[in-house]
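Structure data (compact mmCIF, C-alpha atoms) from model31.txt:
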```txt
# COMPACT_ATOMS: atom_id res chain seq x y z
CA MET I 12 -43.34 -65.57 42.46
CA GLU I 13 -42.72 -62.36 44.38
CA ASP I 14 -41.96 -62.37 48.08
CA PRO I 15 -45.11 -61.70 50.15
CA MET I 16 -43.23 -59.15 52.23
CA PRO I 17 -40.47 -56.71 51.21
CA GLY I 18 -38.14 -58.26 53.76
CA GLY I 19 -38.35 -61.76 52.37
CA THR I 20 -37.78 -64.79 54.54
CA PRO I 21 -34.78 -66.99 55.31
CA GLY I 22 -34.46 -69.66 52.59
CA ASP I 23 -35.73 -67.36 49.85
CA GLY I 24 -32.33 -67.23 48.16
CA LEU I 25 -31.64 -63.63 49.22
CA THR I 26 -28.71 -62.53 51.32
CA ARG I 27 -29.44 -60.76 54.59
CA ALA I 28 -28.08 -57.57 53.00
CA ASP I 29 -30.68 -57.88 50.21
CA ARG I 30 -33.48 -58.44 52.72
CA ALA I 31 -32.31 -55.50 54.82
CA ARG I 32 -32.22 -53.28 51.74
CA ARG I 33 -35.84 -54.16 50.94
CA VAL I 34 -36.96 -53.37 54.48
CA ALA I 35 -35.00 -50.10 54.42
CA HIS I 36 -36.68 -49.06 51.14
CA VAL I 37 -40.13 -49.31 52.70
CA LEU I 38 -39.18 -47.71 56.01
CA ARG I 39 -37.34 -44.88 54.25
CA GLY I 40 -40.46 -44.04 52.27
CA GLN I 41 -42.56 -44.05 55.44
CA VAL I 42 -40.10 -41.76 57.24
CA LEU I 43 -39.99 -39.31 54.34
CA ARG I 44 -43.80 -39.25 54.11
CA GLY I 45 -44.13 -38.54 57.82
CA ALA I 46 -45.85 -41.86 58.51
CA PHE I 47 -44.68 -41.88 62.15
CA PRO I 48 -46.36 -38.83 63.78
CA SER I 49 -44.87 -39.66 67.18
CA GLY I 50 -41.41 -39.55 65.65
CA VAL I 51 -40.68 -43.10 66.85
CA LEU I 52 -40.55 -46.16 64.60
CA PRO I 53 -42.34 -49.37 65.65
CA ASP I 54 -40.54 -51.73 68.02
CA GLU I 55 -38.12 -54.18 66.38
CA ARG I 56 -40.42 -57.08 67.21
CA ASP I 57 -43.29 -55.38 65.40
CA LEU I 58 -41.07 -54.74 62.38
CA VAL I 59 -39.97 -58.39 62.36
CA ALA I 60 -43.64 -59.42 62.23
CA GLU I 61 -44.60 -56.77 59.65
CA PHE I 62 -41.84 -57.68 57.21
CA ASP I 63 -41.84 -61.42 57.99
CA THR I 64 -38.09 -61.42 58.43
CA SER I 65 -35.42 -61.87 61.09
CA ARG I 66 -34.45 -59.50 63.87
CA ASN I 67 -30.92 -59.23 62.48
CA THR I 68 -32.34 -58.15 59.12
CA VAL I 69 -34.45 -55.45 60.75
CA ARG I 70 -31.47 -54.21 62.74
CA GLU I 71 -29.36 -54.05 59.58
CA ALA I 72 -32.12 -52.11 57.80
CA LEU I 73 -32.34 -49.63 60.67
CA GLY I 74 -28.56 -49.33 60.52
CA LEU I 75 -28.83 -48.26 56.87
CA LEU I 76 -31.30 -45.54 57.83
CA ARG I 77 -29.04 -44.41 60.67
CA ASP I 78 -26.10 -44.16 58.27
CA GLU I 79 -28.25 -41.90 56.06
CA GLY I 80 -29.00 -39.64 59.01
CA LEU I 81 -32.74 -40.35 58.96
CA VAL I 82 -33.02 -42.03 62.37
CA VAL I 83 -31.09 -42.51 65.60
CA ARG I 84 -31.34 -45.07 68.39
CA ARG I 85 -32.19 -43.64 71.81
CA ARG I 86 -31.97 -45.71 74.94
CA GLY I 87 -35.34 -46.24 76.56
CA VAL I 88 -37.17 -44.72 73.58
CA GLY I 89 -36.35 -46.74 70.47
CA THR I 90 -35.53 -45.73 66.90
CA VAL I 91 -36.36 -42.05 66.49
CA VAL I 92 -36.75 -39.97 63.33
CA VAL I 93 -34.29 -37.08 63.29
CA GLY I 94 -34.23 -34.02 61.09
CA ARG I 95 -37.22 -32.92 59.12
CA THR I 96 -38.12 -33.61 55.52
CA TYR I 97 -40.45 -31.62 53.29
CA GLN I 98 -42.32 -32.38 50.08
CA HIS I 99 -42.10 -30.06 47.08
CA PRO I 100 -44.68 -30.66 44.31
CA LEU I 101 -43.40 -31.01 40.77
CA GLY I 102 -46.79 -30.43 39.15
CA GLU I 103 -46.98 -26.69 39.83
CA LEU I 104 -44.73 -23.68 39.36
CA SER I 105 -44.27 -22.59 42.97
CA GLY I 106 -41.45 -21.06 44.95
CA LEU I 107 -39.98 -22.79 47.97
CA ALA I 108 -41.47 -20.34 50.47
CA GLU I 109 -44.91 -20.70 48.90
CA VAL I 110 -44.77 -24.46 49.42
CA LEU I 111 -43.10 -24.58 52.84
CA GLN I 112 -44.53 -21.56 54.64
CA ARG I 113 -47.07 -23.77 56.42
CA HIS I 114 -44.23 -25.89 57.79
CA GLY I 115 -42.06 -23.14 59.20
CA THR I 116 -40.37 -19.80 58.62
CA VAL I 117 -38.48 -19.59 55.32
CA VAL I 118 -35.66 -17.04 55.22
CA ASN I 119 -33.25 -16.32 52.37
CA GLU I 120 -29.73 -15.34 53.34
CA VAL I 121 -28.45 -13.22 50.44
CA ARG I 122 -24.87 -14.25 49.71
CA GLU I 123 -24.42 -12.30 46.50
CA ALA I 124 -26.46 -9.90 44.35
CA ARG I 125 -24.74 -8.07 41.50
CA THR I 126 -24.48 -7.50 37.76
CA VAL I 127 -22.22 -9.99 35.99
CA ARG I 128 -21.25 -11.15 32.52
CA PRO I 129 -22.87 -14.58 32.42
CA PRO I 130 -21.28 -17.66 30.84
CA ARG I 131 -22.13 -17.99 27.15
CA SER I 132 -24.27 -21.06 27.82
CA VAL I 133 -26.35 -19.12 30.37
CA ALA I 134 -26.70 -16.12 28.04
CA ARG I 135 -28.01 -18.40 25.29
CA ARG I 136 -30.59 -19.98 27.59
CA LEU I 137 -31.77 -16.51 28.64
CA GLY I 138 -31.88 -15.24 25.05
CA LEU I 139 -29.23 -12.57 25.75
CA PRO I 140 -26.67 -11.39 23.19
CA GLU I 141 -23.16 -12.66 23.91
CA GLY I 142 -21.30 -10.23 26.18
CA SER I 143 -24.44 -8.56 27.54
CA PRO I 144 -24.91 -8.36 31.31
CA ALA I 145 -27.20 -10.34 33.57
CA VAL I 146 -27.95 -10.13 37.27
CA TYR I 147 -26.66 -12.88 39.54
CA LEU I 148 -28.46 -13.64 42.79
CA GLU I 149 -27.23 -16.29 45.24
CA ARG I 150 -29.28 -17.11 48.32
CA LEU I 151 -29.07 -19.69 51.08
CA ARG I 152 -32.60 -20.86 51.86
CA LYS I 153 -33.35 -21.83 55.47
CA VAL I 154 -36.45 -23.30 57.10
CA ASP I 155 -36.73 -22.54 60.82
CA GLY I 156 -33.06 -21.63 60.77
CA ALA I 157 -31.83 -24.91 59.23
CA PRO I 158 -30.20 -24.75 55.75
CA LEU I 159 -32.26 -26.41 53.02
CA SER I 160 -30.97 -25.18 49.66
CA LEU I 161 -28.43 -23.00 47.90
CA ASP I 162 -30.02 -21.13 44.98
CA CYS I 163 -27.85 -19.56 42.25
CA THR I 164 -29.95 -17.48 39.87
CA TYR I 165 -29.19 -15.58 36.65
CA LEU I 166 -31.84 -13.02 35.70
CA ILE I 167 -32.39 -11.00 32.54
CA PRO I 168 -31.38 -7.33 33.11
CA GLU I 169 -34.86 -5.83 32.90
CA VAL I 170 -35.93 -8.03 35.81
CA GLY I 171 -32.69 -8.38 37.75
CA GLU I 172 -31.79 -4.69 37.89
CA THR I 173 -35.12 -3.96 39.54
CA LEU I 174 -34.35 -6.63 42.14
CA LEU I 175 -30.94 -5.09 42.86
CA ALA I 176 -32.68 -1.83 43.81
CA LEU I 177 -34.85 -3.53 46.42
CA ALA I 178 -34.19 -3.32 50.15
CA PRO I 179 -32.13 -6.28 51.47
CA ASP I 180 -34.98 -7.54 53.65
CA THR I 181 -37.19 -7.81 50.56
CA LEU I 182 -34.75 -10.23 48.96
CA GLU I 183 -34.52 -12.13 52.23
CA ASN I 184 -38.24 -12.59 52.77
CA HIS I 185 -39.75 -13.17 49.32
CA ASP I 186 -39.62 -15.94 46.73
CA VAL I 187 -37.80 -15.04 43.56
CA PHE I 188 -40.98 -15.82 41.58
CA ASP I 189 -42.89 -13.08 43.41
CA LEU I 190 -40.04 -10.65 42.84
CA ILE I 191 -39.83 -11.47 39.12
CA GLU I 192 -43.55 -10.99 38.55
CA THR I 193 -43.48 -7.66 40.39
CA ALA I 194 -40.38 -6.47 38.50
CA ALA I 195 -41.67 -7.59 35.10
CA GLY I 196 -45.21 -6.38 35.72
CA ALA I 197 -46.34 -9.67 34.17
CA PRO I 198 -47.06 -13.18 35.39
CA LEU I 199 -44.78 -16.15 34.94
CA GLY I 200 -45.92 -18.73 32.44
CA ARG I 201 -44.01 -21.98 32.57
CA ALA I 202 -40.67 -23.51 33.48
CA GLU I 203 -38.39 -26.22 32.13
CA VAL I 204 -36.98 -28.29 34.99
CA SER I 205 -34.37 -31.02 35.18
CA VAL I 206 -33.32 -32.82 38.37
CA ARG I 207 -30.40 -35.11 39.06
CA ALA I 208 -28.73 -36.54 42.13
CA VAL I 209 -25.15 -35.48 42.83
CA VAL I 210 -22.62 -35.87 45.61
CA ALA I 211 -22.08 -32.53 47.33
CA ASP I 212 -18.66 -30.92 47.00
CA PRO I 213 -16.93 -29.84 50.25
CA ALA I 214 -17.72 -26.13 49.76
CA THR I 215 -21.45 -26.78 49.27
CA CYS I 216 -21.48 -29.17 52.24
CA GLU I 217 -20.08 -26.39 54.40
CA VAL I 218 -22.66 -23.85 53.23
CA LEU I 219 -25.56 -26.25 53.72
CA ALA I 220 -24.20 -27.60 57.04
CA MET I 221 -24.40 -31.18 55.81
CA PRO I 222 -22.03 -34.15 56.13
CA GLU I 223 -19.22 -34.27 53.60
CA GLY I 224 -20.14 -36.48 50.67
CA GLY I 225 -23.86 -36.08 51.33
CA ALA I 226 -26.45 -36.32 48.55
CA LEU I 227 -27.89 -33.28 46.80
CA LEU I 228 -30.80 -32.81 44.43
CA ALA I 229 -29.38 -30.57 41.70
CA VAL I 230 -32.23 -28.70 40.01
CA GLU I 231 -31.82 -26.62 36.86
CA ARG I 232 -34.86 -24.49 36.10
CA LEU I 233 -35.43 -22.06 33.23
CA THR I 234 -38.50 -19.95 33.96
CA ARG I 235 -40.37 -18.00 31.31
CA LEU I 236 -42.83 -15.15 31.46
CA ALA I 237 -46.37 -15.68 30.18
CA ASP I 238 -45.33 -14.35 26.75
CA GLY I 239 -42.61 -17.01 26.49
CA ARG I 240 -39.58 -14.81 27.19
CA PRO I 241 -36.96 -16.32 29.53
CA ALA I 242 -36.86 -14.54 32.90
CA ASP I 243 -34.31 -16.46 34.94
CA LEU I 244 -32.12 -19.55 34.95
CA GLU I 245 -31.65 -21.15 38.36
CA PHE I 246 -29.19 -23.73 39.63
CA ILE I 247 -30.63 -25.00 42.91
CA HIS I 248 -28.87 -27.43 45.23
CA LEU I 249 -31.25 -29.02 47.72
CA ARG I 250 -30.28 -31.18 50.66
CA GLY I 251 -31.34 -34.68 49.66
CA ASP I 252 -31.99 -35.62 53.27
CA ARG I 253 -34.44 -32.77 53.84
CA LEU I 254 -36.56 -32.53 50.69
CA THR I 255 -38.62 -34.95 48.62
CA LEU I 256 -39.84 -34.00 45.14
CA HIS I 257 -43.43 -35.19 44.75
CA ALA I 258 -45.80 -35.49 41.82
CA THR I 259 -49.05 -37.24 40.91
CA LEU I 260 -48.87 -38.30 37.27
CA ASP I 261 -51.42 -39.56 34.73
CA ARG I 262 -50.37 -42.04 32.09
CA ALA I 263 -50.92 -40.63 28.60
CA GLY I 264 -53.97 -42.20 26.96
CA SER I 265 -55.11 -43.83 30.20
CA THR I 266 -58.75 -44.74 30.71
CA ASP I 267 -60.92 -44.38 33.78
CA SER I 268 -60.47 -48.08 34.49
CA PRO I 269 -56.84 -48.96 33.81
CA LEU I 270 -55.84 -52.62 33.69
CA LEU I 271 -53.38 -53.67 36.40
```

Would you mind writing the file out in structure tokens?
Amino acid sequence: MEDPMPGGTPGDGLTRADRARRVAHVLRGQVLRGAFPSGVLPDERDLVAEFDTSRNTVREALGLLRDEGLVVRRRGVGTVVVGRTYQHPLGELSGLAEVLQRHGTVVNEVREARTVRPPRSVARRLGLPEGSPAVYLERLRKVDGAPLSLDCTYLIPEVGETLLALAPDTLENHDVFDLIETAAGAPLGRAEVSVRAVVADPATCEVLAMPEGGALLAVERLTRLADGRPADLEFIHLRGDRLTLHATLDRAGSTDSPLL
């Protein structure tokens, strides 16, 4: 039989660390969804009652969230959410600025923009002959001045060379998807995306102003034009403590009244 509450209760055979982990799972999800509009978590006594567990378990769970940089303890206030997290939908082909513009000002700091000879693996993904050039664009994405992601993009020449001719402020203030569609004179069609969690290397931590050893969402995205031609291959490193990838999925072959 499952525990009635994620925290479990003393005598359930779980260690306190296990019970704290369960409580932290639920609270972490609430924090990331913005479930505490005031920015303050419920009082410890309320959490003890909600999760039907001990005060020490709740304190250990809150300690896990503090170690992750999600909350801090403030005297006279309580446990406060720190930093800001954003949701990025996985079910649509949208640029970061398109998704986050309602949350704040998105600016792209251009770190590099030039013609390069891409690695053979990149050239193959872009459908380019071996040894042919591509355009490399590297941008640090910030929301309200705080670093969110480091985007490293390889573009096919017919698209990338047009981007290189643009004014610097155009590259700083527009999503790469908008720029590609303008340069190609054609809409984007679809993208192939893979995501994995990685530990950030020291250099990336420094660029993204995040703690050493912090978690990153490493996204690899190959975007195609509507006619199926590859347009760009992106390697995006997103701060795991500031962005949540979100999707609503239907089970294949599901009916209107699924059995639970």

>> Please compute the atom CA of I:Arg32-atom CA of I:Pro222 distance, one decimal, in Å.
In response: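 Computing the Euclidean distance for atom CA of I:Arg32 and atom CA of I:Pro222 yields 22.1 Å.
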
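Separating atom CA of I:Arg207 from atom CA of I:Thr164 is a distance of 17.7 Å.
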
>> I'd like the interatomic distance between atom CA of I:Val154 and atom CA of I:Val118, to a tenth of an Å.
In response: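 So the answer is 6.6 Å.
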
>> Restricting the calculation to all atoms listed in the file: of I:Thr215, I:Thr173, I:Thr181, I:Thr90, which residue gets closest to I:Gly196?
In response: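 Checking each candidate against I:Gly196, we get I:Thr173 as the closest.
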
>> Please determine, counting all atoms listed in the file, which residue among I:Val146, I:Leu161, I:Val59, I:Leu249 has the shortest atom-to-atom distance to I:Val127.
In response: I:Val146

>> When you look at stretch 78-87 of chain I with a cut-off of 9 Å (counting all atoms listed in the file), what residues show up, excluding the ones that are within fewer than 5 positions of it in the same chain? I need them as a ChimeraX atom specification.
In response: /I:39,42-43,51-52,73,92-95,225,252

>> Counting only C-alpha atoms, which residue out of I:Gly200, I:Pro130, I:Gly138, I:Pro53 sits closest to I:Val69?
In response: I:Pro53

To test the calculation: enclose all listed atoms of stretch 210-216 of chain I in a box whose edges run along x, y and z, add 4 Å on each side, then state centre and edge lengths in Å to one decimal, as lines of an AutoDock Vina configuration file.
```
center_x = -19.8
center_y = -31.0
center_z = 48.9
size_x = 13.7
size_y = 17.7
size_z = 14.6
```

> Which residue out of I:Thr255, I:Pro129, I:Val210, I:Ala145 has the minimum interatomic distance to I:Gly45 when all atoms listed in the file are used?
Replying inline: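 Among the listed residues, I:Thr255 lies closest to I:Gly45.
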
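When only C-alpha atoms are used to measure the gap to I:Val37, the shortest distance among I:Asp186, I:Glu172, I:Asp243, I:Glu61 belongs to I:Glu61.
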
> Quick one: residues within 12 Å of I:Leu190, only C-alpha atoms counted, chain neighbours fewer than 3 positions away excluded, as a PyMOL selection string?
Replying inline: chain I and resi 106+148+166+170-178+181-187+193-199+242-243

> Between I:Glu55, I:Glu231, I:Asp162, I:Asp180, which is the closest to I:Arg250 once you count all atoms listed in the file?
Replying inline: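 That would be I:Asp162, the residue with the smallest distance to I:Arg250.
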